[in-house]
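Trainee: Provided herewith is a single structure, encoded as structure tokens, for subsequent inquiry.
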Amino acid sequence: MDLGLVLQIFLNGLMIGGIYALIASGFTLILGVIQVFNFAQGQFYMLGAFVAIAAVTNLGLPYPVAILVALLATALLGAVLYFGVIQWTTRSGFFNTMLVTVAFGTVVAQAAMLSFGSREAVLPPVVSGTISVGGVTIPNGKLVVIAGAVVVMAALHYFMKTRIGVSMLAAAENRDVASLQGINPKRVFWVTMAVGCGLCGVAGALVAPVLAASGTMGSTIFIKALLVVLVGGTGSMSGALLAAFVVGIAESFAFHFFGHLGLLVIFVLVAILIFFRPGGLLGKPLPVPGE
Amino acid sequence: MSKRYWIALVLALILGLGVFAVACGEDEPTDTTAAGGTDTTAAAEPTETLKIGAMVSLSTPQGLEMQKWLTMFAKIKNEAGGWDIGGTKYKVDYIVYDCGIADATTARSAYEKAILQDGIKYIVGTWTDVPGVAVTITEPNQVLWMGTDFSPDTLNPEFKYTIRAQCLSFALGAAYNMQKYYVDEGAKTSVIVDTDTLQAQVGNANWAKAGELAGLKELEPITFPNDTTDFAPVATKVKSLNPDLVELAYVSNSDHLVNIIRALKDVGYDKFIYPGNIDPRLLENIITQVGKEYVEGWTGMYYDPRGIQEDPDMLALIDRYQQEYGEFRQEGIYWIGPWFLFEDAVNATQSTDVDTITSYLKSMDHGVNTICGYTQLFARPDVGIMDTIDSAPGHYMFEVVDGQMVAKRSVTVQDQHLVSIKAMGLVEPFQAYWDEYGKPTFPDEESLFDFTDL
């Protein structure tokens, strides 16, 4: 096996990891701050892709503006999910809220199918061509995805240092004490929901020019995102980031050597990791509801 | 309990009652007279209802299109005053169930609802259901199943009510034709890329045999999980094998097709690609991603009968579709073939009895015209089934010329059947069958191949 092929497989994994990073970060943020297991997270990724495609093809907007539109649309829907559903169900407990997000995700997926149709949707490539270096081929479009993911993650990092970001971290640490410090939990929570869902929307918008969008893409990527959160550690943003690339690269190598059994290999490795580190790479074990 | 809980309970009860009322409510009577005029023929109202089921995934374009065609067929029958069977007029109720995408649990639920709750006695037309699950319900309940499958699950000599249409076991003639085309263009090696489902595994094995018959060296196939998002690893693996031809034989998800082809271009794969089941809209999306040049000269299966089909009855159905639904769509058109076999059987037997209809189908000696050409049932003596059970459907083929799919040729029922027998290495059992039962007669169509060595 030559070095060029190894590097190609590694780069493929990096590209996939970038997408996982965005989705897992959003999920981890919501889980860490509001302690909601948002099963609808993947659907925001799907919606982000379709909104971006619609913004470009139907409204004729430039692609960067379409990303912004996708971000705002999914963030708004995330806020609606919070105000319309989650703020009422959190009092009923962790599992009830989780179930409600399952229902919400199903509704969104079916609504998208009815609105956008059952066909795939594509966007013309924003940046075409590839860079070839020593036998390794890097599509320019995917470089844009990675760059976009890095920019968004950097923006998120700085956002978490703002007043509202610090408030989110404080509420995640201890909701009651944060409230005593004058932090409005309701405001923190809906902003968290909006940001978390918006991150997925941006991920969808970033991949729209390089991957065909479909109504089922949200469900399929969500499983991978859960895996990333598990590996990274629930509630750990840096863990999610690290795990996203670890999982992406592992998946890429596993596929090359084991074919369709690659995912099975990944799950076995994850099970071994969790056995020895229940909190994942950088996180802590998920608290048992009621504790 | 608090006030909030009582409100929630009441709302839930109201919702539940509403759902119950809708589910149990009677259908509005259907107006069976032609729109815009008085029915002067004074057709008698149907006295009975013939319920037919179809199992499709309504999340796929093929499933949605099949639903449109099949419900249109029922509407046509009802507008004529019902289907006259054995002197009784039947209102046709074609119920299309959503069986999910190759999901055994959802498929089982759909079959149980259709058969055990709704009393369906005929399943005519399937797309992405799980046939292995289907027959565990249809056979014990003596329900005729006419669906798409080529796995061993539905090939059991003990089965009495299972007919495979449109089957793809006898569809290797089209594969061979495509593979021969690329061999003539210089291809020597090929790799099949597909999802890792049972149907794909079986189909790919047969597909590879057709490739070998055509002169290709078939490398180890590459399969991927159905939930694959990024196909760069798949494309990298293809590139490392460096085949002359990539065959996306049974990839049914259109987004997968777009993504695989895009990934192949991204890794610099510049040889031949068989793009699988594509239609003009999908080709347009592929061209958006990879450009017109990349797809020029591709050949594959074609599903648009317009300009090819000459049968006036079939042309009338195409016109009717366009009147009903506007833009002509081809995604489901091939997979509604079972309806025409079923219709032929019911008309010939003038019976709604499942055993009578099934007996007729299991002794078919002629082809039946569908919108996409003839289809005909044949026996499977290689697995001990001497009744006609597996269909060999004729197929159109296209070539991409300047970014457009252009119909080029037709692979006939005879081509499909005989090439498949040869490719699968089944000449001996079939020859023995023909020696005993006589050679099959095929629809009168011009063959593309010479079968003197068969």
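Residues in the structure tokens are named by chain (A, B, ... in the order shown) and by number from 1 within that chain; ligands are numbered from 1 in the order shown.
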Can you build me a table of chain A residues sitting at most 9 Å from chain B, with the closest atom pair per residue and its distance in Å to one decimal, using only C-alpha atoms, sorted by chain and residue number, as CSV?

Mentor:
```
residue,atom,partner,partner_atom,distance
A:Leu5,CA,B:Ser240,CA,7.7
A:Gln8,CA,B:Thr236,CA,7.4
A:Ile9,CA,B:Pro233,CA,6.6
A:Asn12,CA,B:Ala232,CA,6.0
A:Gly13,CA,B:Pro233,CA,8.1
A:Met15,CA,B:Asp230,CA,8.8
A:Ile16,CA,B:Asp230,CA,6.7
A:Gln110,CA,B:Ser59,CA,8.9
A:Met113,CA,B:Ser59,CA,7.4
A:Gly117,CA,B:Pro61,CA,8.3
A:Ser118,CA,B:Thr60,CA,5.6
A:Arg119,CA,B:Pro61,CA,6.2
A:Glu120,CA,B:Asp255,CA,5.2
A:Ala121,CA,B:Asn285,CA,7.5
A:Val122,CA,B:Asn285,CA,6.2
A:Leu123,CA,B:Thr288,CA,7.3
A:Pro124,CA,B:Thr288,CA,5.4
A:Pro125,CA,B:Gln289,CA,6.3
A:Gly129,CA,B:Asp266,CA,7.6
A:Thr130,CA,B:Asp266,CA,6.6
A:Val136,CA,B:Val267,CA,8.4
A:Thr137,CA,B:Val267,CA,5.8
A:Ile138,CA,B:Asp266,CA,7.5
A:Pro139,CA,B:Asp266,CA,5.7
A:Asn140,CA,B:Asp266,CA,9.0
A:Pro209,CA,B:Gln289,CA,8.2
A:Val210,CA,B:Gln289,CA,7.9
A:Leu211,CA,B:Asn259,CA,5.7
A:Ala212,CA,B:Asp255,CA,5.4
A:Ala213,CA,B:Asp255,CA,6.8
A:Ser214,CA,B:Asp255,CA,6.4
A:Gly215,CA,B:Ser59,CA,8.2
A:Thr216,CA,B:Ser59,CA,8.7
A:Met217,CA,B:Thr229,CA,7.4
A:Ser219,CA,B:Asp227,CA,8.6
A:Thr220,CA,B:Asp227,CA,5.2
A:Ile221,CA,B:Thr229,CA,7.0
A:Glu251,CA,B:Pro233,CA,8.7
A:Ser252,CA,B:Pro233,CA,5.7
A:Phe253,CA,B:Pro233,CA,8.1
A:Phe255,CA,B:Pro233,CA,6.7
A:His256,CA,B:Lys237,CA,6.2
A:Gly259,CA,B:Thr223,CA,6.4
A:His260,CA,B:Phe224,CA,4.6
A:Leu261,CA,B:Pro225,CA,8.3
A:Gly262,CA,B:Phe224,CA,9.0
A:Leu263,CA,B:Pro225,CA,8.1
```

Trainee: Take the residues that were just selected and, keeping C-alpha atoms, output them as a short mmCIF file (atom, residue, chain, number, x, y, z; two decimals), in the first residue's frame.

Mentor:
```
data_model
loop_
_atom_site.label_atom_id
_atom_site.label_comp_id
_atom_site.auth_asym_id
_atom_site.auth_seq_id
_atom_site.Cartn_x
_atom_site.Cartn_y
_atom_site.Cartn_z
CA LEU A 5 -3.09 5.96 -0.98
CA GLN A 8 -5.73 9.93 0.37
CA ILE A 9 -7.64 7.73 2.81
CA ASN A 12 -11.04 11.49 3.04
CA GLY A 13 -11.50 10.93 6.75
CA MET A 15 -13.29 15.74 5.16
CA ILE A 16 -15.98 13.53 6.67
CA GLN A 110 -41.86 14.01 6.56
CA MET A 113 -40.27 15.08 1.99
CA GLY A 117 -40.09 16.00 -2.85
CA SER A 118 -38.56 12.56 -2.65
CA ARG A 119 -35.91 13.33 -5.26
CA GLU A 120 -32.37 14.30 -4.52
CA ALA A 121 -31.47 17.98 -4.83
CA VAL A 122 -28.13 19.30 -5.98
CA LEU A 123 -26.32 22.58 -6.14
CA PRO A 124 -23.74 23.34 -8.83
CA PRO A 125 -20.23 23.15 -7.38
CA GLY A 129 -11.58 21.16 -9.78
CA THR A 130 -9.13 19.28 -7.63
CA VAL A 136 -3.26 12.55 -3.47
CA THR A 137 -6.32 14.22 -4.93
CA ILE A 138 -8.20 16.82 -2.93
CA PRO A 139 -11.43 18.16 -4.39
CA ASN A 140 -11.52 21.93 -4.00
CA PRO A 209 -22.47 21.91 -3.23
CA VAL A 210 -20.52 18.66 -2.76
CA LEU A 211 -23.15 16.10 -1.78
CA ALA A 212 -26.66 15.59 -3.14
CA ALA A 213 -29.26 16.43 -0.53
CA SER A 214 -31.99 13.95 0.24
CA GLY A 215 -34.82 13.69 2.73
CA THR A 216 -33.10 10.84 4.55
CA MET A 217 -29.69 12.46 4.94
CA SER A 219 -31.37 10.43 9.84
CA THR A 220 -28.29 8.73 8.43
CA ILE A 221 -25.80 11.35 9.63
CA GLU A 251 -14.26 5.17 9.16
CA SER A 252 -12.28 5.96 6.05
CA PHE A 253 -9.56 3.42 6.82
CA PHE A 255 -14.01 1.07 4.80
CA HIS A 256 -10.92 0.65 2.69
CA GLY A 259 -15.58 -2.70 3.02
CA HIS A 260 -19.17 -2.57 4.22
CA LEU A 261 -18.08 -4.26 7.46
CA GLY A 262 -16.05 -1.16 8.27
CA LEU A 263 -18.82 0.34 10.37
#
```

Trainee: Find the residues around region 125-127 of chain B up to 7 Å (only C-alpha atoms counted), leave out those fewer than 4 positions away in its own chain, and share them as a list of chain:residue names.

Mentor: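 Using only C-alpha atoms, the neighbours found are B:Ala54, B:Met55, B:Val56, B:Ser57, B:Gly63, B:Met146, B:Gly147, B:Thr148, B:Trp335, B:Ile336, B:Pro338, B:Trp339.
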
Trainee: Store the residues picked out above, limited to C-alpha atoms, as a CSV table (one decimal), in the first residue's frame.

Mentor:
```
chain,number,residue,atom,x,y,z
B,54,ALA,CA,-49.2,-2.8,-3.7
B,55,MET,CA,-46.2,-2.5,-1.4
B,56,VAL,CA,-43.9,0.4,-2.2
B,57,SER,CA,-41.7,2.9,-0.4
B,63,GLY,CA,-42.7,4.2,-5.1
B,146,MET,CA,-46.4,-10.4,-7.6
B,147,GLY,CA,-43.3,-8.5,-6.7
B,148,THR,CA,-39.8,-7.6,-7.6
B,335,TRP,CA,-42.0,-1.6,-12.0
B,336,ILE,CA,-45.8,-1.6,-12.7
B,338,PRO,CA,-47.0,-7.0,-12.7
B,339,TRP,CA,-50.3,-5.1,-13.1
```

Trainee: Tell me which protein, DNA and RNA residues are within 12 Å of Arg175 (chain A), counting only C-alpha atoms, leaving out same-chain ones fewer than 2 positions away, and put them as a list in words.

Mentor: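 Near neighbours after the sequence-gap exclusion: Gly32, Val33, Ile34, Gln35, Ser167, Met168, Leu169, Ala170, Ala171, Ala172, Glu173, Val177, Ala178, Ser179, Leu180, Gln181, Gly182, Ile183, Asn184, Pro185, Lys186, Val188 and Phe189 of chain A.
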
Trainee: Give me, as a tab-separated table, each residue of region 337-369 of chain B that comes within 8 Å of region 161-166 of chain B, together with its shortest interatomic pair and the distance in Å at one decimal, counting only C-alpha atoms, with rows ordered by chain and rising residue number.

Mentor:
```
residue	atom	partner	partner_atom	distance
B:Gly337	CA	B:Gln166	CA	6.1
B:Pro338	CA	B:Ala165	CA	5.4
B:Asp355	CA	B:Tyr161	CA	7.9
B:Thr358	CA	B:Tyr161	CA	6.3
B:Leu361	CA	B:Ile163	CA	7.9
B:Lys362	CA	B:Ile163	CA	8.0
```

Trainee: Residues near region 426-438 of chain B, anyone? I mean within 8 Å using only C-alpha atoms, not counting same-chain ones fewer than 4 positions away, as a PDB file with N, CA and C atoms, in the first residue's frame.

Mentor:
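As a result, result29.pdb now contains:
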```pdb
ATOM      1  N   ARG B 380     -38.497 -22.105 -13.526  1.00  0.00           N
ATOM      2  CA  ARG B 380     -37.138 -22.149 -12.994  1.00  0.00           C
ATOM      3  C   ARG B 380     -36.773 -23.607 -12.723  1.00  0.00           C
ATOM      4  N   PRO B 381     -36.537 -24.358 -13.762  1.00  0.00           N
ATOM      5  CA  PRO B 381     -36.208 -25.782 -13.574  1.00  0.00           C
ATOM      6  C   PRO B 381     -34.904 -25.960 -12.812  1.00  0.00           C
ATOM      7  N   ASP B 382     -34.059 -24.952 -12.792  1.00  0.00           N
ATOM      8  CA  ASP B 382     -32.787 -25.075 -12.077  1.00  0.00           C
ATOM      9  C   ASP B 382     -32.988 -25.193 -10.578  1.00  0.00           C
ATOM     10  N   MET B 386     -41.183 -25.988 -11.956  1.00  0.00           N
ATOM     11  CA  MET B 386     -41.534 -26.229 -13.345  1.00  0.00           C
ATOM     12  C   MET B 386     -42.676 -25.329 -13.814  1.00  0.00           C
ATOM     13  N   ILE B 421     -29.988 -17.185 -18.978  1.00  0.00           N
ATOM     14  CA  ILE B 421     -29.739 -18.621 -18.792  1.00  0.00           C
ATOM     15  C   ILE B 421     -28.274 -18.933 -19.071  1.00  0.00           C
ATOM     16  N   LYS B 422     -27.761 -18.377 -20.144  1.00  0.00           N
ATOM     17  CA  LYS B 422     -26.374 -18.628 -20.521  1.00  0.00           C
ATOM     18  C   LYS B 422     -25.417 -18.050 -19.482  1.00  0.00           C
ATOM     19  N   LEU B 454     -26.992 -21.807 -27.884  1.00  0.00           N
ATOM     20  CA  LEU B 454     -27.708 -22.050 -26.632  1.00  0.00           C
ATOM     21  C   LEU B 454     -28.528 -23.326 -26.753  1.00  0.00           C
TER      22      LEU B 454
END
```
